[in-house]
Amino acid sequence: MAQHGGGRGWYGKAMGAALGVTLLATGASVWTAQAGAVDSSSRTAAPATPGSDIKQVAATIAHASEAGARGVNITIDDGPDPVWTPQVLDVLGEYGVKATFCMVGTQAQAHPDLVKKVVAAGHRLCDHSVSHNTAMDKDSQTYQSQQILDAERMITKASGGVRPMYYRAPGGAFTPYSRKLAASRGMRPLGWNVDTKDFERPGTDVIVATVERELPGGPTLLFHDAGGDRTQTVEALRRLLPRLKERGYSFGFPVR
């Protein structure tokens with residue numbers, strides 16, 4: 001979720017106590033500030049599933065599309081949600097578009113049926129941490145590890161065994177350590193180029209205009225399917241998907 005108001009976002013109060021996670025001070029860092037080289041001295045946590053055949057991927061933050069120069073990556077954050085995720089899936093299915101769903105661990109755990117529907121429809125999964133703490137880059141490596149690896153386990157279990165292929169830090173709160181850890185688990189750190197700000201509910205017209213204005217700057221679009229009323233998101237996707245296809249864009253997944 002591209003929330004720049006800081007703190008744990010809309011999950012904090014509901015999930016923090018249940019997870020036994022200490023609430024942090026407000027603040028979020030932008031992914032571009034953390035896009036430098038990985039610190040080779042960073043510690044790597046123990047694998048979440050010892051003995052599993054996991055191939056390490058690049059630790060740099062991905063933005064490009066597997067679909068090439070005219071590719072567009074639709075990414076959907078913060079779900080799954082029982083009201084909005086099915087509606088997003090319906091629109092994507094109507095236009096034959098595949099997307100990457102960046103799921104919060106507690107949401108995946110609560111709605112495994114939706115995680116399985118996302119996978120069955122041919123979409124990819126992305127680890128978006130356990131509790132959506134947008135200031136997790138300020139905390140210890142132990143805490144970052146817990147947030148990333150526990151969410152990986154939750155999402156994988158909820159999906160029926162399909163592992164997330166990416167890791168997106170809440171609010172872009174990446175660190176060299178978190179990127180290296182995710183990459184060691186086969187999850188490419190995932191950024192974005194176009195922040196639609198749909199979580200602010202600025203109006204469908206504004207969301208559509210933001211995408212059309214900023215898409216030339218990069219292919220990865222950020223939307224949300226949880227955290228509040230997402231009517232505007234659903235309608236924006238309904239407008240944008242056929243319009244972008246008509247303009248010669250194709251839809252794909254972020255590079256790994």
# chains A, B, ... in the order shown; residues from 1 in each chain; ligands from 1
>>> select_by_dssp(residues="range 11-245 of chain A", states="helix (DSSP H, G or I)", output="ChimeraX atom specification")
/A:11-19,31-34,84-94,105-110,112-120,136-138,141-159,170-172,176-184,198-200,204-217,231-245
>>> residues_around(residues="Ser178 in chain A", least_positions_apart="6", cutoff="8 Å", atoms="only C-alpha atoms", output="list in words")
Gln141, Gln144, Ser145 and Ile148 of chain A
>>> write_last_selection(atoms="N, CA, C and O atoms", output="tab-separated table (two decimals), in the first residue's frame")
chain	number	residue	atom	x	y	z
A	141	GLN	N	16.42	-6.06	12.33
A	141	GLN	CA	16.41	-7.10	11.34
A	141	GLN	C	15.56	-8.29	11.79
A	141	GLN	O	14.91	-8.95	10.97
A	144	GLN	N	12.01	-7.33	10.96
A	144	GLN	CA	11.80	-7.38	9.52
A	144	GLN	C	11.68	-8.82	9.05
A	144	GLN	O	10.82	-9.16	8.23
A	145	SER	N	12.55	-9.67	9.57
A	145	SER	CA	12.52	-11.09	9.21
A	145	SER	C	11.18	-11.72	9.58
A	145	SER	O	10.58	-12.46	8.79
A	148	ILE	N	8.40	-10.58	7.15
A	148	ILE	CA	8.50	-11.13	5.80
A	148	ILE	C	8.27	-12.63	5.77
A	148	ILE	O	7.46	-13.14	4.99
>>> residues_around(residues="range 212-224 of chain A", least_positions_apart="5", cutoff="7 Å", atoms="only C-alpha atoms", output="list in words")
Met1, His63, Ala64, Ser65, Gly71, Val72, Asn73, Ile74, Thr75, Ile76, Asp77, Asp78, Trp192, Asn193, Val194, Asp195, Thr196, Asp198, Phe199 and Thr233 of chain A
>>> closest_residue(among="A:Ala58, A:Ala236, A:Ala182, A:Leu149", to="Ala209 in chain A", atoms="only C-alpha atoms")
A:Ala236
>>> residues_around(residues="Val115 in chain A", least_positions_apart="6", cutoff="8 Å", atoms="only C-alpha atoms", output="PyMOL selection string")
chain A and resi 80+108+155+158-159
>>> write_last_selection(atoms="N, CA and C atoms", output="PDB file, in the first residue's frame")
ATOM      1  N   PRO A  80      -6.220 -10.249   0.667  1.00  0.00           N
ATOM      2  CA  PRO A  80      -7.532 -10.238   0.013  1.00  0.00           C
ATOM      3  C   PRO A  80      -8.630  -9.744   0.943  1.00  0.00           C
ATOM      4  N   ALA A 108      -4.566 -12.891   4.221  1.00  0.00           N
ATOM      5  CA  ALA A 108      -4.501 -14.187   3.538  1.00  0.00           C
ATOM      6  C   ALA A 108      -4.929 -15.303   4.477  1.00  0.00           C
ATOM      7  N   ILE A 155       0.726 -16.852   3.540  1.00  0.00           N
ATOM      8  CA  ILE A 155       0.220 -16.795   2.166  1.00  0.00           C
ATOM      9  C   ILE A 155       0.357 -18.153   1.491  1.00  0.00           C
ATOM     10  N   ALA A 158      -2.272 -20.483   2.907  1.00  0.00           N
ATOM     11  CA  ALA A 158      -3.614 -20.104   2.454  1.00  0.00           C
ATOM     12  C   ALA A 158      -3.840 -20.468   0.994  1.00  0.00           C
ATOM     13  N   SER A 159      -2.796 -20.418   0.197  1.00  0.00           N
ATOM     14  CA  SER A 159      -2.915 -20.691  -1.242  1.00  0.00           C
ATOM     15  C   SER A 159      -2.983 -22.175  -1.549  1.00  0.00           C
TER      16      SER A 159
END
>>> atom_distance(atom1="CA of Arg163 in chain A", atom2="CA of Asp53 in chain A")
11.6 Å
>>> residues_around(residues="range 90-95 of chain A", least_positions_apart="2", cutoff="7 Å", atoms="only C-alpha atoms", output="list of chain:residue names")
A:Pro86, A:Gln87, A:Val88, A:Val97, A:Lys98, A:Arg238, A:Leu241, A:Pro242
>>> select_by_dssp(residues="range 122-240 of chain A", states="strand (DSSP E or B)", output="CSV table (one decimal) with N, CA and C atoms, in the first residue's frame")
chain,number,residue,atom,x,y,z
A,124,ARG,N,-0.4,-13.8,-9.9
A,124,ARG,CA,0.7,-14.1,-9.0
A,124,ARG,C,0.6,-13.5,-7.7
A,125,LEU,N,1.3,-14.1,-6.7
A,125,LEU,CA,1.2,-13.7,-5.3
A,125,LEU,C,2.4,-12.9,-4.9
A,126,CYS,N,2.2,-12.0,-4.0
A,126,CYS,CA,3.3,-11.2,-3.5
A,126,CYS,C,3.2,-11.0,-2.0
A,127,ASP,N,4.3,-11.1,-1.3
A,127,ASP,CA,4.3,-11.0,0.2
A,127,ASP,C,4.3,-9.5,0.5
A,166,TYR,N,7.1,-12.4,-5.1
A,166,TYR,CA,7.6,-11.1,-5.0
A,166,TYR,C,7.4,-10.7,-3.5
A,167,TYR,N,8.2,-9.6,-3.1
A,167,TYR,CA,8.0,-9.0,-1.8
A,167,TYR,C,7.9,-7.5,-2.0
A,188,ARG,N,11.3,-11.6,-5.5
A,188,ARG,CA,11.9,-10.4,-6.0
A,188,ARG,C,11.3,-9.1,-5.3
A,189,PRO,N,12.1,-8.3,-4.8
A,189,PRO,CA,11.5,-7.0,-4.2
A,189,PRO,C,10.8,-6.2,-5.4
A,190,LEU,N,9.6,-5.8,-5.0
A,190,LEU,CA,8.7,-5.2,-6.1
A,190,LEU,C,8.4,-3.7,-5.7
A,194,VAL,N,3.7,3.9,-10.9
A,194,VAL,CA,2.5,4.8,-10.9
A,194,VAL,C,1.8,4.5,-9.6
A,195,ASP,N,1.8,5.4,-8.7
A,195,ASP,CA,1.0,5.3,-7.5
A,195,ASP,C,-0.4,6.0,-7.8
A,220,THR,N,4.7,-0.3,-13.9
A,220,THR,CA,4.1,-1.0,-12.7
A,220,THR,C,3.1,-0.1,-12.0
A,221,LEU,N,1.8,-0.4,-12.1
A,221,LEU,CA,0.7,0.4,-11.5
A,221,LEU,C,0.3,-0.2,-10.2
A,222,LEU,N,0.1,0.7,-9.2
A,222,LEU,CA,-0.3,0.3,-7.9
A,222,LEU,C,-1.8,0.6,-7.6
A,223,PHE,N,-2.6,-0.4,-7.3
A,223,PHE,CA,-4.0,-0.3,-6.9
A,223,PHE,C,-4.1,-1.0,-5.5
A,224,HIS,N,-5.3,-0.9,-5.0
A,224,HIS,CA,-5.6,-1.6,-3.7
A,224,HIS,C,-7.0,-2.3,-3.8
>>> closest_residue(among="A:Pro202, A:Gly105, A:Gly227, A:Gly191", to="Pro254 in chain A", atoms="only C-alpha atoms")
A:Gly191
>>> closest_residue(among="A:Arg256, A:Arg247, A:Arg201, A:Lys157", to="Glu235 in chain A", atoms="only C-alpha atoms")
A:Arg201
>>> atom_distance(atom1="CA of Val255 in chain A", atom2="CA of Ala62 in chain A")
6.3 Å
>>> atom_distance(atom1="CA of Lys138 in chain A", atom2="CA of Gln109 in chain A")
25.7 Å
>>> closest_residue(among="A:Met136, A:Val211, A:Ala69, A:Val206", to="Pro170 in chain A", atoms="only C-alpha atoms")
A:Met136
>>> decode(residues="range 85-105 of chain A", atoms="N, CA, C and O atoms", output="short mmCIF file (atom, residue, chain, number, x, y, z; two decimals), in the first residue's frame")
data_model
loop_
_atom_site.label_atom_id
_atom_site.label_comp_id
_atom_site.auth_asym_id
_atom_site.auth_seq_id
_atom_site.Cartn_x
_atom_site.Cartn_y
_atom_site.Cartn_z
N THR A 85 -11.95 -7.93 -3.35
CA THR A 85 -11.13 -8.82 -4.17
C THR A 85 -11.95 -9.55 -5.23
O THR A 85 -11.52 -9.62 -6.40
N PRO A 86 -13.13 -10.10 -4.91
CA PRO A 86 -13.92 -10.74 -5.96
C PRO A 86 -14.30 -9.79 -7.09
O PRO A 86 -14.33 -10.20 -8.27
N GLN A 87 -14.57 -8.53 -6.76
CA GLN A 87 -14.93 -7.56 -7.80
C GLN A 87 -13.72 -7.25 -8.69
O GLN A 87 -13.86 -7.12 -9.92
N VAL A 88 -12.55 -7.11 -8.09
CA VAL A 88 -11.34 -6.89 -8.88
C VAL A 88 -11.07 -8.09 -9.78
O VAL A 88 -10.75 -7.95 -10.96
N LEU A 89 -11.23 -9.29 -9.23
CA LEU A 89 -11.03 -10.50 -10.02
C LEU A 89 -12.00 -10.57 -11.20
O LEU A 89 -11.62 -10.98 -12.30
N ASP A 90 -13.23 -10.15 -10.98
CA ASP A 90 -14.23 -10.17 -12.07
C ASP A 90 -13.81 -9.24 -13.21
O ASP A 90 -13.93 -9.60 -14.38
N VAL A 91 -13.35 -8.03 -12.87
CA VAL A 91 -12.94 -7.08 -13.91
C VAL A 91 -11.71 -7.59 -14.66
O VAL A 91 -11.64 -7.53 -15.89
N LEU A 92 -10.74 -8.10 -13.92
CA LEU A 92 -9.55 -8.64 -14.56
C LEU A 92 -9.93 -9.80 -15.49
O LEU A 92 -9.42 -9.90 -16.62
N GLY A 93 -10.82 -10.65 -15.01
CA GLY A 93 -11.24 -11.78 -15.82
C GLY A 93 -12.00 -11.36 -17.06
O GLY A 93 -11.85 -11.97 -18.13
N GLU A 94 -12.81 -10.32 -16.95
CA GLU A 94 -13.59 -9.83 -18.09
C GLU A 94 -12.69 -9.41 -19.25
O GLU A 94 -13.04 -9.61 -20.42
N TYR A 95 -11.53 -8.85 -18.92
CA TYR A 95 -10.63 -8.34 -19.96
C TYR A 95 -9.40 -9.24 -20.17
O TYR A 95 -8.49 -8.87 -20.92
N GLY A 96 -9.38 -10.39 -19.52
CA GLY A 96 -8.30 -11.33 -19.71
C GLY A 96 -6.95 -10.82 -19.25
O GLY A 96 -5.92 -11.11 -19.85
N VAL A 97 -6.94 -10.07 -18.15
CA VAL A 97 -5.71 -9.47 -17.63
C VAL A 97 -5.25 -10.21 -16.38
O VAL A 97 -6.06 -10.51 -15.50
N LYS A 98 -3.95 -10.49 -16.32
CA LYS A 98 -3.36 -11.10 -15.14
C LYS A 98 -2.68 -10.02 -14.30
O LYS A 98 -2.13 -9.06 -14.83
N ALA A 99 -2.74 -10.19 -12.99
CA ALA A 99 -2.20 -9.19 -12.08
C ALA A 99 -1.37 -9.86 -11.00
O ALA A 99 -1.37 -11.08 -10.84
N THR A 100 -0.68 -9.03 -10.23
CA THR A 100 0.09 -9.49 -9.08
C THR A 100 -0.60 -8.96 -7.83
O THR A 100 -0.78 -7.75 -7.68
N PHE A 101 -0.99 -9.87 -6.94
CA PHE A 101 -1.70 -9.51 -5.72
C PHE A 101 -0.73 -9.53 -4.54
O PHE A 101 -0.23 -10.59 -4.16
N CYS A 102 -0.47 -8.35 -3.98
CA CYS A 102 0.43 -8.20 -2.84
C CYS A 102 -0.40 -8.32 -1.57
O CYS A 102 -1.09 -7.37 -1.18
N MET A 103 -0.33 -9.47 -0.93
CA MET A 103 -1.24 -9.80 0.16
C MET A 103 -0.61 -9.61 1.52
O MET A 103 0.54 -9.97 1.76
N VAL A 104 -1.41 -9.07 2.44
CA VAL A 104 -1.02 -8.97 3.84
C VAL A 104 -1.26 -10.33 4.49
O VAL A 104 -2.30 -10.96 4.27
N GLY A 105 -0.30 -10.79 5.27
CA GLY A 105 -0.37 -12.14 5.83
C GLY A 105 -1.63 -12.43 6.60
O GLY A 105 -2.24 -13.49 6.45
#
